[in-house]
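Report on the following structure.
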Amino acid sequence: MNKVVVVTGASAGIGKSICQYLTKKGFIVYGLSRRKVNDEPFFNFQVDITDVSSIDHAIETIIENEGRIDILINNAGMGISGSVENTPLEDARRLFDVNFFGAVQMIQRMIPHMRKNGNGKIINISSLAANFPIPFQTFYSASKAAFSSFTHALHNELKPFNISITAVLPGDIKTEFTKHREKNDYDDEAYGTRIKKSIETMEKDEQNGMDPIVISKQVYKLICKKKMPIESTVGVQYKTMLFIQRFVSKTFVNNILGLMYGFTKKK
């Protein structure tokens with residue numbers, strides 16, 4: 001019996017790639033996104049994951065169609081850039097609503113169905129920024145850190161129900177996310193050109209990053225595992241970064257990030 005998969009943020013980037021790849025592998029895939037996706041091999045529902053009624057309608061329809069949901073992949077997300085000092089709190093709250101609370105709502109409504117079935121898998125697409133917080137993308141980094149911590153804690157809550165959960169930490173991926181990142185227009189001269197340089201550096205890294213298919217293949221491998229690890233990443237350089245992080249101080253890591261993305265020293 002083919003597994004039924006639900007993927008959020010399915011209209012572009014990593015989410016769309018995951019939907020396409022898993023469909024080719026024989027899964028029954030439902031992609032959820034705020035923007036309608038046409039001419040794709042997977043089912044698509046227009047869903048706003050910050051709207052509980054929208055989520056409930058989608059899940060109820062999928063259960064009615066398929067009888068169950070085996071796998072949930074939380075991928076939907078957004079980014080904003082700029083200084084913390086000049087970021088309106090309503091913008092930061094909106095980011096957390098999408099990146100964190102939207103996924104939480106998806107999980108809360110999925111758990112009862114998975115418990116009833118006696119099994120299930122939840123894959124949360126976090127970010128390497130959860131472990132390596134990036135200056136001038138502070139709220140994005142904080143939302144992903146919260147998402148990863150949430151995943152670790154929830155792992156032990158769900159373990160007795162045979163529901164496994166993991167966080168995937170992508171590094172730089174070449175997607176439309178770069179283009180859609182919201183840039184703070186409120187920054188003043190106190191920060192000079194630091195913010196502009198920081199975002200330019202990040203965007204260059206992203207556009208030279210890995211293809212989303214790399215993450216799709218990793219997700220497929222995780223689905224096929226009997227026991228998923230608590231978290232994983234892809235790419236030798238990113239695995240190496242996480243490994244080295246264990247042996248150096250947080251101050252050292254943060255200083256390096258400051259030099260790379262914070263431009264904390266004038267040249």
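Letters A, B, ... go to the chains of the structure tokens in the order shown; residues in each chain start at 1; ligands are counted from 1 in the same order.
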
Using only C-alpha atoms, which residues of segment 117-149 of chain A come within 12 Å of segment 225-231 of chain A, and what is the closest atom pair for each, with the distance in Å to one decimal? Give it as a Markdown table, sorted by chain and residue number.
```
| residue | atom | partner | partner_atom | distance |
| --- | --- | --- | --- | --- |
| A:Asn119 | CA | A:Lys226 | CA | 11.3 |
| A:Gly120 | CA | A:Lys226 | CA | 11.1 |
| A:Lys121 | CA | A:Met228 | CA | 8.7 |
| A:Ile122 | CA | A:Met228 | CA | 9.7 |
| A:Ile123 | CA | A:Glu231 | CA | 9.2 |
| A:Asn124 | CA | A:Glu231 | CA | 9.1 |
| A:Ile125 | CA | A:Glu231 | CA | 9.8 |
| A:Ser126 | CA | A:Glu231 | CA | 9.3 |
| A:Ser127 | CA | A:Glu231 | CA | 10.5 |
| A:Leu128 | CA | A:Glu231 | CA | 10.8 |
| A:Ala130 | CA | A:Glu231 | CA | 11.6 |
| A:Asn131 | CA | A:Glu231 | CA | 11.6 |
| A:Phe147 | CA | A:Glu231 | CA | 11.5 |
| A:Ser148 | CA | A:Glu231 | CA | 8.2 |
| A:Ser149 | CA | A:Glu231 | CA | 10.5 |
```

Next item on the list: May I ask for the distance between atom CA of Ala92 of chain A and atom CA of Phe139 of chain A, given in Å to one decimal place?
Entry: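 Atom-to-atom, atom CA of Ala92 of chain A and atom CA of Phe139 of chain A are spaced 6.4 Å apart.
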
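Our summary of the geometry notes that atom CA of Arg35 of chain A is positioned 21.1 Å from atom CA of Lys183 of chain A.
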
Residue with the minimum atom-to-atom distance to Ser83 of chain A, picked from A:Arg246, A:Arg181, A:Lys196, A:Lys221 with only C-alpha atoms counted, is A:Lys196

Choose the residue, out of A:Asn65, A:Asn86, A:Ser11, A:Thr23, that has the smallest atom-to-atom separation from Ala190 of chain A; count only C-alpha atoms.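 Once distances to Ala190 of chain A are computed over only C-alpha atoms, the minimum belongs to A:Asn86.
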
| task | Would you list, as a PyMOL selection string, the residues of segment 82-127 of chain A that end up in helix (DSSP H, G or I) under DSSP run on this structure's backbone? | result | chain A and resi 89-117

| field | Selected residue, from A:Ala10, A:Ala153, A:Ile215, A:Ile63, that lies nearest to His113 of chain A when counting only C-alpha atoms | value |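 Using only C-alpha atoms, the shortest distance to His113 of chain A belongs to A:Ile63.
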
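Among the candidate residues A:Ser81, A:Asn162, A:Thr175, A:Thr240, the one lying nearest to Gln137 of chain A is A:Ser81, with distances computed using only C-alpha atoms.
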
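Considering only C-alpha atoms, the residue among A:Pro160, A:Arg194, A:Pro133, A:Tyr220 positioned nearest to Gly26 of chain A is A:Tyr220.
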
What separation in Å, quoted to one decimal, exists between atom CA of Met202 of chain A and atom CA of His180 of chain A?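 For atom CA of Met202 of chain A relative to atom CA of His180 of chain A, the distance reads 13.5 Å.
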
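Nearest residue to Ile213 of chain A, choosing from A:Ile14, A:Leu89, A:Ile49, A:Met241 and counting only C-alpha atoms: A:Ile14.
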
Excluding Lys3 of chain A and any residue of its chain fewer than 3 positions from it, enumerate the residues within 8 Å of it, using only C-alpha atoms, and give them as a list in words.
-> Phe27, Ile28, Ile69, Asp70 and Ile71 of chain A

For segment 98-103 of chain A, list every protein, DNA or RNA residue within 9 Å, evaluated using only C-alpha atoms, and leave out those in the same chain fewer than 3 positions away; present the list as a VMD selection string. chain A and resid 8 48 to 52 74 to 79 93 to 95 106 to 108 124 126 140 143 to 144 146 to 147

- Just the residues within 12 Å of Ile62 of chain A, please, counting only C-alpha atoms, with nothing from its chain fewer than 5 positions along; format it as a list in words.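 The residues satisfying every condition are Val4, Val5, Val6, Ile28, Val29, Tyr30, Gly31, Leu32, Phe43, Asn44, Phe45, Ile55, Asp56, His57, Gly67, Arg68, Ile69, Asp70, Met110 and His113 of chain A.
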
Would you write out those residues with N, CA and C atoms, as a tab-separated table (two decimals), in the first residue's frame?
```tsv
chain	number	residue	atom	x	y	z
A	4	VAL	N	0.96	7.70	2.16
A	4	VAL	CA	0.36	9.01	1.90
A	4	VAL	C	1.20	10.07	2.59
A	5	VAL	N	1.65	11.05	1.80
A	5	VAL	CA	2.55	12.09	2.30
A	5	VAL	C	1.90	13.46	2.14
A	6	VAL	N	2.04	14.29	3.17
A	6	VAL	CA	1.60	15.69	3.10
A	6	VAL	C	2.83	16.57	3.24
A	28	ILE	N	1.82	8.63	-2.56
A	28	ILE	CA	0.66	9.47	-2.82
A	28	ILE	C	0.93	10.80	-2.13
A	29	VAL	N	1.14	11.85	-2.90
A	29	VAL	CA	1.63	13.11	-2.34
A	29	VAL	C	0.59	14.21	-2.45
A	30	TYR	N	0.36	14.86	-1.32
A	30	TYR	CA	-0.48	16.05	-1.26
A	30	TYR	C	0.39	17.25	-0.88
A	31	GLY	N	0.49	18.21	-1.79
A	31	GLY	CA	1.25	19.41	-1.51
A	31	GLY	C	0.33	20.54	-1.08
A	32	LEU	N	0.66	21.16	0.04
A	32	LEU	CA	-0.12	22.28	0.55
A	32	LEU	C	0.67	23.57	0.36
A	43	PHE	N	-1.06	15.92	-5.93
A	43	PHE	CA	-2.26	16.66	-5.57
A	43	PHE	C	-1.86	17.96	-4.88
A	44	ASN	N	-2.62	19.02	-5.12
A	44	ASN	CA	-2.30	20.30	-4.51
A	44	ASN	C	-3.53	20.95	-3.91
A	45	PHE	N	-3.39	21.40	-2.66
A	45	PHE	CA	-4.44	22.17	-2.00
A	45	PHE	C	-3.91	23.54	-1.65
A	55	ILE	N	-6.20	24.47	7.49
A	55	ILE	CA	-5.50	23.21	7.75
A	55	ILE	C	-6.49	22.07	7.96
A	56	ASP	N	-7.47	22.32	8.83
A	56	ASP	CA	-8.45	21.28	9.16
A	56	ASP	C	-9.18	20.77	7.92
A	57	HIS	N	-9.57	21.70	7.06
A	57	HIS	CA	-10.29	21.31	5.84
A	57	HIS	C	-9.42	20.42	4.96
A	67	GLY	N	-7.97	7.70	3.65
A	67	GLY	CA	-8.17	6.89	4.85
A	67	GLY	C	-7.10	7.08	5.91
A	68	ARG	N	-5.99	7.77	5.55
A	68	ARG	CA	-4.89	7.94	6.50
A	68	ARG	C	-3.88	8.94	5.94
A	69	ILE	N	-2.99	9.39	6.81
A	69	ILE	CA	-1.81	10.16	6.41
A	69	ILE	C	-0.63	9.52	7.13
A	70	ASP	N	0.35	9.08	6.37
A	70	ASP	CA	1.49	8.36	6.95
A	70	ASP	C	2.66	9.26	7.30
A	110	MET	N	-2.15	16.54	13.13
A	110	MET	CA	-1.77	15.27	12.51
A	110	MET	C	-1.58	14.15	13.54
A	113	HIS	N	-4.37	11.43	14.22
A	113	HIS	CA	-4.54	10.47	13.13
A	113	HIS	C	-3.42	9.43	13.14
```

Next on the checklist: If you run DSSP on the backbone here, which positions in segment 8-205 of chain A get strand (DSSP E)? Please write them as a PyMOL selection string.
Outcome noted: chain A and resi 8+28-33+43-46+71-74+80-81+120-125+163-168+182-183

Could you dump the residues just selected with C-alpha atoms as an mmCIF file, in the first residue's frame?
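Dumped everything to part.cif:
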```cif
data_model
loop_
_atom_site.group_PDB
_atom_site.id
_atom_site.type_symbol
_atom_site.label_atom_id
_atom_site.label_comp_id
_atom_site.auth_asym_id
_atom_site.auth_seq_id
_atom_site.Cartn_x
_atom_site.Cartn_y
_atom_site.Cartn_z
ATOM 1 C CA THR A 8 3.740 22.099 3.172
ATOM 2 C CA ILE A 28 0.662 9.475 -2.823
ATOM 3 C CA VAL A 29 1.630 13.106 -2.341
ATOM 4 C CA TYR A 30 -0.484 16.055 -1.265
ATOM 5 C CA GLY A 31 1.251 19.410 -1.511
ATOM 6 C CA LEU A 32 -0.123 22.284 0.552
ATOM 7 C CA SER A 33 0.700 25.872 -0.366
ATOM 8 C CA PHE A 43 -2.263 16.662 -5.571
ATOM 9 C CA ASN A 44 -2.296 20.304 -4.514
ATOM 10 C CA PHE A 45 -4.444 22.167 -1.998
ATOM 11 C CA GLN A 46 -4.393 25.890 -1.396
ATOM 12 C CA ILE A 71 4.066 11.131 6.635
ATOM 13 C CA LEU A 72 4.048 14.877 7.291
ATOM 14 C CA ILE A 73 6.830 17.067 5.902
ATOM 15 C CA ASN A 74 6.809 20.597 7.316
ATOM 16 C CA ILE A 80 13.135 38.577 6.584
ATOM 17 C CA SER A 81 16.407 40.461 6.815
ATOM 18 C CA GLY A 120 3.742 7.897 11.486
ATOM 19 C CA LYS A 121 6.707 10.016 10.486
ATOM 20 C CA ILE A 122 7.158 13.769 10.773
ATOM 21 C CA ILE A 123 10.030 15.508 8.990
ATOM 22 C CA ASN A 124 10.646 19.146 9.857
ATOM 23 C CA ILE A 125 12.731 21.171 7.424
ATOM 24 C CA ILE A 163 5.545 8.221 15.705
ATOM 25 C CA SER A 164 9.059 9.329 14.791
ATOM 26 C CA ILE A 165 10.152 12.902 14.138
ATOM 27 C CA THR A 166 13.331 14.467 12.773
ATOM 28 C CA ALA A 167 14.723 17.856 11.795
ATOM 29 C CA VAL A 168 16.560 18.303 8.499
ATOM 30 C CA GLU A 182 11.666 40.300 2.706
ATOM 31 C CA LYS A 183 14.194 43.077 3.260
#
```
